[in-house]
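Read through the structure below, which is laid out as C-alpha cells, and then see the notes.
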Number of protein chains: 2
Amino acid sequence: MTNPVLSVSSRTRRTHFTPRVEACGVKGYTVYNHMLLATVFRSVEEDYEHLKKHVQIWDVSCERQVEITGPDAYRLVQMMTCRDLSKAVHGQCFYAPLVDESGAMINDPIILKLADDRFWLSIADSDVKLWAKGIATGLGLDVSVFEPDVSPLAIQGPKADDLMAEVFGEDIRSVRFFRYAYFDFQGHPFLIARSGWSKQGGFEIYVDRPDLALPLWDAIWEAGQAYNIGPGCPNLIERIEGSLFSYGNDMTDEHNPFECGLDKYVSLSSDADFMGRKALEDIADNGGPTRKLRGLLMEGNSCPPCVDRWPVIVSDAVVGTVSSAAYSPYFEAVVAIAMVDKAHWDVGSKVTVDTPIGIRSATVCDLPFV
Amino acid sequence: MTNPVLSVSSRTRRTHFTPRVEACGVKGYTVYNHMLLATVFRSVEEDYEHLKKHVQIWDVSCERQVEITGPDAYRLVQMMTCRDLSKAVHGQCFYAPLVDESGAMINDPIILKLADDRFWLSIADSDVKLWAKGIATGLGLDVSVFEPDVSPLAIQGPKADDLMAEVFGEDIRSVRFFRYAYFDFQGHPFLIARSGWSKQGGFEIYVDRPDLALPLWDAIWEAGQAYNIGPGCPNLIERIEGSLFSYGNDMTDEHNPFECGLDKYVSLSSDADFMGRKALEDIADNGGPTRKLRGLLMEGNSCPPCVDRWPVIVSDAVVGTVSSAAYSPYFEAVVAIAMVDKAHWDVGSKVTVDTPIGIRSATVCDLPFV
C-alpha cells in the first residue's frame, strides 16, 4: 500500500516559507499547531547524515508563539509553568514545562521574556493560547493573549555558525547557547537565538516580518551554497539519539515533569506561585515518580514508524511503553524513547518490546544516547 | 511533483478503526484534534457520487468528546456557549458555538447533555479541553474536564436507515434529526444520534467500548454489502454544497457567530450567562456584522485545493476571502464558501476571485447551495 498523502486545506495552515519548502521537494509533512511541518526531504536517513555533516534550513513556523502582554502577564506565565520565572531575563531562552493543577504536562515551550510585561511562549503541539486565555478569563487578569505572525526559521548543523556569520555578521558567533540577540537583515532587526530542535548546533530566527520571509530564506540559501546547505526539518533519528522529547509523542497530559526527567525545571525550592505546585510537591514528597522516560537500545537493523505506543514487557507483564523509535546508523541498533516503570528503569535492565514486526529484545539506557 | 505523504507518529493519533480504514485503501488523511481523519478513498469525486447514492461508513473518531462533569458543569458549559443551554434536554444534540469574551469563535461543537451535571462537547479542531480547563481553573469551578475514550462512527447516505435498522433494529428509524437514543450491539447500549457531517442523512454512533469498535465496524460492513456500502469520510464537495462550515477553514477565532451566519444560535433574548454576551450584544446593537459567510458560484470546470485563502475582488479592492472551494458536478461550476463584506454580500453580486489558476468571475448566492 502506498502511504496516504496529506490533504491540505486552509485549516492545516501553510507557512510563509512553504513555497520554498515545496520547491526543495518536500516528501512528507505532519500537522503541528494546525500548521504544516515538513518531516522528510530526501529520506530520513539521508537528511540525518546531511544534518550531522553540513547545515540545513528548517521551516519551523509551526513552533507558534503565544504572546502574553499586559500588567498581569508575569503572574499568568508564572502560574502556568513549574519553573521559577524570576530567573528569566531578557536575552535568554527559558525552557519551561507548563503544568495544570494536577501537575500534568500541558506543553513544553521555550519562554522568551521580551519585556517585564511581555512574553513569547514558543510552543509544542497543543493550543496553549486557549489554555492561557481560559485561565486569564477565569481569573479576570489584565492581559492580552494572542498568536502574533512570527515564524521561526532554524539553521541547524555544524556549519551553522559560518553560514549565519556570512548573512548576519561575525557577532552572531558570540551568542551563547539558549541566548538571543537582534541582528539586522534588510534593515529589520530579527530576534535570533542559539537554539533549535537538534543537537548539531545552530540558530532559530524569529521571523516577524512576513514580507522578508522569502528574501531571508533566499539570502541564506544562496550564502549556504558554499556550505552544502540542504533543506531539512526535525529529524526523527537525530532527535531520538539526542533525546529531544516530543510533546504529544513522548510526553502528554498523562505525564508529569518528573516522569519526563524534567526535574531541574520544577522549582519547588523557589517561592514561585504556579498552579501545579501542590500536586508536584506531593509527588516529590512521596518518593518521586514511579515511571520515567528512558532510552532503549533495541536489536534490529530497521524500524517501522512508532505510530502506536509499543508495550515494553518483562516476564509477560507490561512495564512501559515506547513512544518514539528509529534505526540509528550511528549505534547500528534501534534507539527508542520509552516510559518505563521504576522496577525496570535502571541502566542495563533487559526488557522486550512488542513491535509491529515482532518481539524485540532491548536494554534500558541513560538519555541522551549521545 | 507528487503530493507529500502524511508522516504519522503517536502524536497524530490513530483511532480504534484505523486498521479498517487502511484496509479500505485510504488515499489521503488530514490531522484533526491531533488524530487521523481520512479525506479520500477512491477519489473525492467518486466518493461524492457514492455518498449521494448509497451508504458509507466514516471513522470520525477525531470528533473528540470533551466531557465536563460535576456540580458546576452546567454553569461552565453555559459560560462557554452563546446558545441558551436551558433549552438543552437529554436525548437532543445541541449545536452550540463557543465564543470567548470578545465574541470570537473558539469552536462549534455539538453538545450532548447526558445528565444535568454531565455534558459531552463533540468538538471541531481546537483544544476545547484546555479552554474549558483553563476557565474552570481560573474560576475554581467544581468540575472535571477530560477526554473520554469515545470514538464517533458515522453511517451516512440515503441507505443509512435501512442499513442501521438491520444492525440495530427497526426502532432506530424513529430517531428524529439531531436526537439520540441508546441501541444495543453485543449487549452494550450505544448512544446513536441522527446526525453527521453530510446532508445525505444518517447516524453517528458514539463508540465508547474500544473492544467493540472493530466488531461493530465489521457487523455494519457485512450488513452493508446489500446496500453497496463504501468507505467514506467528510466529503469536500458535498459539504460545501450543503454549506457545512468547517471550523479552522471557514470559521476561525477571527470571526464571530453573526459573521458565520449562526444568528439563531446566539441567544441574546434569553438570560443565559455566557462570557461573550456583552461583545455580541454590542455587535447586534450596532447594525450587526459587516461581513458574512456566503456562497459563491464560480466559473470553471475544475478547482485546485483552497490551501490559502483566496482574495475576493471588486474593482481592485479586496472585499472578502474564499476559505473552501471545490468543483461541483451537480452545479457544473465551482462552489465556494467566502467571507464577504456587507457591500457585496447580496445575492447576485458579481465579484472576481484571485485563485492560483487565475482570476475567476463569481456570483454571490445564498447558503446552502442545495
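Labels used: A, B, ... for chains in the order of the C-alpha cells, numbers from 1 for residues in each chain, and numbers from 1 for ligands as shown.
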
_Quick one: residues within 9 Å of stretch 350-361 of chain B, only C-alpha atoms, excluding same-chain residues fewer than 6 positions away - as number ranges by chain?_
B: 296-300, 303-304, 306, 309-315, 319, 321-322, 344

With a distance cut-off of 9 Å and only C-alpha atoms, select the neighbouring residues of A:Tyr206, excluding the residue or stretch itself and same-chain residues fewer than 3 positions from it, and output the selection as a PDB file with all heavy atoms, in the first residue's frame.
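Generated file (selection34.pdb):
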ATOM      1  N   SER A  61       7.984  27.185  11.371  1.00  0.00           N
ATOM      2  CA  SER A  61       6.937  28.181  11.667  1.00  0.00           C
ATOM      3  C   SER A  61       5.894  27.640  12.631  1.00  0.00           C
ATOM      4  O   SER A  61       5.264  28.388  13.376  1.00  0.00           O
ATOM      5  CB  SER A  61       6.220  28.591  10.372  1.00  0.00           C
ATOM      6  OG  SER A  61       7.121  29.128   9.447  1.00  0.00           O
ATOM      7  N   VAL A 150       4.595  35.339  13.766  1.00  0.00           N
ATOM      8  CA  VAL A 150       6.034  35.124  13.946  1.00  0.00           C
ATOM      9  C   VAL A 150       6.345  33.684  13.563  1.00  0.00           C
ATOM     10  O   VAL A 150       5.702  32.758  14.063  1.00  0.00           O
ATOM     11  CB  VAL A 150       6.459  35.380  15.403  1.00  0.00           C
ATOM     12  CG1 VAL A 150       7.918  35.017  15.622  1.00  0.00           C
ATOM     13  CG2 VAL A 150       6.205  36.832  15.782  1.00  0.00           C
ATOM     14  N   SER A 151       7.321  33.509  12.695  1.00  0.00           N
ATOM     15  CA  SER A 151       7.597  32.189  12.123  1.00  0.00           C
ATOM     16  C   SER A 151       9.061  31.822  12.293  1.00  0.00           C
ATOM     17  O   SER A 151       9.919  32.334  11.578  1.00  0.00           O
ATOM     18  CB  SER A 151       7.260  32.200  10.631  1.00  0.00           C
ATOM     19  OG  SER A 151       5.923  32.587  10.436  1.00  0.00           O
ATOM     20  N   PRO A 152       9.362  30.947  13.246  1.00  0.00           N
ATOM     21  CA  PRO A 152      10.760  30.563  13.420  1.00  0.00           C
ATOM     22  C   PRO A 152      11.326  29.836  12.195  1.00  0.00           C
ATOM     23  O   PRO A 152      10.657  28.994  11.591  1.00  0.00           O
ATOM     24  CB  PRO A 152      10.725  29.635  14.640  1.00  0.00           C
ATOM     25  CG  PRO A 152       9.500  30.061  15.393  1.00  0.00           C
ATOM     26  CD  PRO A 152       8.514  30.424  14.325  1.00  0.00           C
ATOM     27  N   LEU A 153      12.540  30.225  11.858  1.00  0.00           N
ATOM     28  CA  LEU A 153      13.290  29.591  10.771  1.00  0.00           C
ATOM     29  C   LEU A 153      14.589  29.118  11.399  1.00  0.00           C
ATOM     30  O   LEU A 153      15.334  29.930  11.956  1.00  0.00           O
ATOM     31  CB  LEU A 153      13.555  30.611   9.664  1.00  0.00           C
ATOM     32  CG  LEU A 153      14.322  30.141   8.426  1.00  0.00           C
ATOM     33  CD1 LEU A 153      13.493  29.115   7.640  1.00  0.00           C
ATOM     34  CD2 LEU A 153      14.664  31.341   7.524  1.00  0.00           C
ATOM     35  N   ALA A 154      14.837  27.810  11.355  1.00  0.00           N
ATOM     36  CA  ALA A 154      16.016  27.269  12.037  1.00  0.00           C
ATOM     37  C   ALA A 154      17.136  26.993  11.042  1.00  0.00           C
ATOM     38  O   ALA A 154      16.888  26.533   9.927  1.00  0.00           O
ATOM     39  CB  ALA A 154      15.652  25.990  12.782  1.00  0.00           C
ATOM     40  N   PHE A 190      16.142  41.192  13.519  1.00  0.00           N
ATOM     41  CA  PHE A 190      15.486  39.911  13.789  1.00  0.00           C
ATOM     42  C   PHE A 190      15.997  39.330  15.102  1.00  0.00           C
ATOM     43  O   PHE A 190      17.205  39.322  15.361  1.00  0.00           O
ATOM     44  CB  PHE A 190      15.781  38.907  12.666  1.00  0.00           C
ATOM     45  CG  PHE A 190      14.966  39.142  11.426  1.00  0.00           C
ATOM     46  CD1 PHE A 190      15.462  39.929  10.389  1.00  0.00           C
ATOM     47  CD2 PHE A 190      13.703  38.596  11.291  1.00  0.00           C
ATOM     48  CE1 PHE A 190      14.709  40.154   9.250  1.00  0.00           C
ATOM     49  CE2 PHE A 190      12.945  38.817  10.157  1.00  0.00           C
ATOM     50  CZ  PHE A 190      13.445  39.594   9.124  1.00  0.00           C
ATOM     51  N   LEU A 191      15.073  38.807  15.898  1.00  0.00           N
ATOM     52  CA  LEU A 191      15.451  38.098  17.113  1.00  0.00           C
ATOM     53  C   LEU A 191      16.021  36.746  16.686  1.00  0.00           C
ATOM     54  O   LEU A 191      15.338  35.955  16.024  1.00  0.00           O
ATOM     55  CB  LEU A 191      14.216  37.927  18.011  1.00  0.00           C
ATOM     56  CG  LEU A 191      14.427  37.411  19.438  1.00  0.00           C
ATOM     57  CD1 LEU A 191      13.171  37.692  20.274  1.00  0.00           C
ATOM     58  CD2 LEU A 191      14.752  35.935  19.492  1.00  0.00           C
ATOM     59  N   ILE A 192      17.272  36.515  17.058  1.00  0.00           N
ATOM     60  CA  ILE A 192      17.919  35.243  16.692  1.00  0.00           C
ATOM     61  C   ILE A 192      18.475  34.589  17.943  1.00  0.00           C
ATOM     62  O   ILE A 192      19.215  35.210  18.712  1.00  0.00           O
ATOM     63  CB  ILE A 192      19.046  35.454  15.663  1.00  0.00           C
ATOM     64  CG1 ILE A 192      18.471  36.125  14.390  1.00  0.00           C
ATOM     65  CG2 ILE A 192      19.708  34.125  15.316  1.00  0.00           C
ATOM     66  CD1 ILE A 192      19.498  36.351  13.293  1.00  0.00           C
ATOM     67  N   ALA A 193      18.112  33.334  18.162  1.00  0.00           N
ATOM     68  CA  ALA A 193      18.554  32.586  19.343  1.00  0.00           C
ATOM     69  C   ALA A 193      19.481  31.451  18.909  1.00  0.00           C
ATOM     70  O   ALA A 193      19.338  30.900  17.818  1.00  0.00           O
ATOM     71  CB  ALA A 193      17.355  32.012  20.076  1.00  0.00           C
TER      72      ALA A 193
END

*Skipping near chain neighbours, those fewer than 6 positions away, what residues fall within 12 Å of B:Ala284 using only C-alpha atoms, listed as an MDAnalysis selection string?*
chainID B and resid 103 256:259 263 266:269 277:278 290

Give me a file of those residues, with C-alpha atoms, as a PDB file, in the first residue's frame.
ATOM      1  CA  GLY B 103     -17.348  37.042  20.924  1.00  0.00           C
ATOM      2  CA  ASN B 256     -17.937  35.949  15.494  1.00  0.00           C
ATOM      3  CA  PRO B 257     -21.089  33.804  15.194  1.00  0.00           C
ATOM      4  CA  PHE B 258     -23.026  36.531  13.330  1.00  0.00           C
ATOM      5  CA  GLU B 259     -20.363  36.628  10.637  1.00  0.00           C
ATOM      6  CA  ASP B 263     -27.527  34.101  14.479  1.00  0.00           C
ATOM      7  CA  VAL B 266     -26.879  33.418  19.669  1.00  0.00           C
ATOM      8  CA  SER B 267     -29.421  33.597  22.490  1.00  0.00           C
ATOM      9  CA  LEU B 268     -29.290  37.284  23.340  1.00  0.00           C
ATOM     10  CA  SER B 269     -33.004  37.360  24.184  1.00  0.00           C
ATOM     11  CA  ARG B 277     -22.644  38.301  25.730  1.00  0.00           C
ATOM     12  CA  LYS B 278     -21.552  41.923  26.028  1.00  0.00           C
ATOM     13  CA  THR B 290     -20.029  43.897   8.494  1.00  0.00           C
TER      14      THR B 290
END

*Mind the document's chain letters and residue numbers, and return as a count of residues only the residues of stretch 57-294 of chain B that DSSP labels strand (DSSP E).*
62

6 Å contacts from chain B to chain A using only C-alpha atoms, as a PDB file with N, CA and C atoms, in the first residue's frame:
ATOM      1  N   PRO B   4       3.046  15.348  -0.987  1.00  0.00           N
ATOM      2  CA  PRO B   4       3.739  14.805   0.190  1.00  0.00           C
ATOM      3  C   PRO B   4       2.836  13.865   0.982  1.00  0.00           C
ATOM      4  N   VAL B   5       3.433  12.815   1.516  1.00  0.00           N
ATOM      5  CA  VAL B   5       2.683  11.891   2.355  1.00  0.00           C
ATOM      6  C   VAL B   5       2.530  12.503   3.748  1.00  0.00           C
ATOM      7  N   LEU B   6       1.599  11.963   4.500  1.00  0.00           N
ATOM      8  CA  LEU B   6       1.478  12.340   5.901  1.00  0.00           C
ATOM      9  C   LEU B   6       2.379  11.407   6.701  1.00  0.00           C
ATOM     10  N   SER B   7       3.347  11.977   7.392  1.00  0.00           N
ATOM     11  CA  SER B   7       4.192  11.180   8.279  1.00  0.00           C
ATOM     12  C   SER B   7       3.458  11.012   9.601  1.00  0.00           C
ATOM     13  N   SER B   9       2.876   9.545  13.527  1.00  0.00           N
ATOM     14  CA  SER B   9       3.607   9.242  14.758  1.00  0.00           C
ATOM     15  C   SER B   9       2.551   9.026  15.822  1.00  0.00           C
ATOM     16  N   SER B  10       2.974   8.720  17.043  1.00  0.00           N
ATOM     17  CA  SER B  10       1.925   8.516  18.045  1.00  0.00           C
ATOM     18  C   SER B  10       1.215   9.831  18.361  1.00  0.00           C
ATOM     19  N   ARG B  11       1.856  10.966  18.099  1.00  0.00           N
ATOM     20  CA  ARG B  11       1.218  12.276  18.318  1.00  0.00           C
ATOM     21  C   ARG B  11       0.007  12.496  17.403  1.00  0.00           C
ATOM     22  N   LYS B  27      -6.614   6.903   0.812  1.00  0.00           N
ATOM     23  CA  LYS B  27      -5.566   7.526  -0.006  1.00  0.00           C
ATOM     24  C   LYS B  27      -5.091   8.860   0.557  1.00  0.00           C
ATOM     25  N   GLY B  28      -5.881   9.471   1.422  1.00  0.00           N
ATOM     26  CA  GLY B  28      -5.480  10.754   1.979  1.00  0.00           C
ATOM     27  C   GLY B  28      -5.972  10.902   3.405  1.00  0.00           C
ATOM     28  N   TYR B  29      -5.171  11.627   4.187  1.00  0.00           N
ATOM     29  CA  TYR B  29      -5.535  11.914   5.570  1.00  0.00           C
ATOM     30  C   TYR B  29      -5.387  13.409   5.819  1.00  0.00           C
ATOM     31  N   THR B  30      -6.068  13.868   6.846  1.00  0.00           N
ATOM     32  CA  THR B  30      -5.677  15.103   7.468  1.00  0.00           C
ATOM     33  C   THR B  30      -5.514  14.792   8.956  1.00  0.00           C
ATOM     34  N   ASP B 127      -8.335  22.777  20.805  1.00  0.00           N
ATOM     35  CA  ASP B 127      -8.232  22.102  22.103  1.00  0.00           C
ATOM     36  C   ASP B 127      -9.207  22.691  23.124  1.00  0.00           C
ATOM     37  N   LEU B 130      -8.504  22.291  26.844  1.00  0.00           N
ATOM     38  CA  LEU B 130      -7.645  23.271  27.514  1.00  0.00           C
ATOM     39  C   LEU B 130      -8.412  24.561  27.817  1.00  0.00           C
ATOM     40  N   TRP B 131      -9.247  24.967  26.897  1.00  0.00           N
ATOM     41  CA  TRP B 131     -10.077  26.169  27.087  1.00  0.00           C
ATOM     42  C   TRP B 131     -10.984  25.983  28.299  1.00  0.00           C
ATOM     43  N   GLY B 134      -8.967  25.679  31.527  1.00  0.00           N
ATOM     44  CA  GLY B 134      -8.390  26.970  31.901  1.00  0.00           C
ATOM     45  C   GLY B 134      -9.417  27.829  32.617  1.00  0.00           C
ATOM     46  N   ILE B 135     -10.604  27.922  32.052  1.00  0.00           N
ATOM     47  CA  ILE B 135     -11.661  28.725  32.678  1.00  0.00           C
ATOM     48  C   ILE B 135     -12.021  28.156  34.048  1.00  0.00           C
ATOM     49  N   GLY B 138      -9.303  28.918  36.524  1.00  0.00           N
ATOM     50  CA  GLY B 138      -9.302  30.331  36.905  1.00  0.00           C
ATOM     51  C   GLY B 138     -10.443  30.671  37.849  1.00  0.00           C
ATOM     52  N   LEU B 139     -11.596  30.077  37.619  1.00  0.00           N
ATOM     53  CA  LEU B 139     -12.774  30.381  38.444  1.00  0.00           C
ATOM     54  C   LEU B 139     -12.896  29.468  39.658  1.00  0.00           C
ATOM     55  N   GLY B 248     -11.845  26.322  11.481  1.00  0.00           N
ATOM     56  CA  GLY B 248     -10.435  26.270  11.091  1.00  0.00           C
ATOM     57  C   GLY B 248     -10.287  26.626   9.620  1.00  0.00           C
ATOM     58  N   ASN B 249     -11.290  26.258   8.823  1.00  0.00           N
ATOM     59  CA  ASN B 249     -11.300  26.665   7.423  1.00  0.00           C
ATOM     60  C   ASN B 249     -12.167  27.919   7.259  1.00  0.00           C
ATOM     61  N   CYS B 306      -8.133  24.732  -1.977  1.00  0.00           N
ATOM     62  CA  CYS B 306      -8.039  26.080  -1.413  1.00  0.00           C
ATOM     63  C   CYS B 306      -7.181  26.029  -0.151  1.00  0.00           C
ATOM     64  N   VAL B 307      -5.875  26.088  -0.349  1.00  0.00           N
ATOM     65  CA  VAL B 307      -4.971  25.933   0.791  1.00  0.00           C
ATOM     66  C   VAL B 307      -4.539  27.272   1.373  1.00  0.00           C
ATOM     67  N   ASP B 308      -4.655  28.322   0.587  1.00  0.00           N
ATOM     68  CA  ASP B 308      -4.524  29.670   1.116  1.00  0.00           C
ATOM     69  C   ASP B 308      -5.886  30.303   0.928  1.00  0.00           C
TER      70      ASP B 308
END

*asked:* Report as a PyMOL selection string all protein, DNA and RNA residues lying within 10 Å of B:Tyr95, evaluated on only C-alpha atoms, omitting residues in the same chain fewer than 3 positions from it.
replied: chain B and resi 81+83+88+92+98+108-112+121-122+178+265

*Pick out the closest residue to B:Phe94 from this set: B:Cys82, B:Ala343, B:Val44, B:Asp282. Count only C-alpha atoms.*
B:Cys82
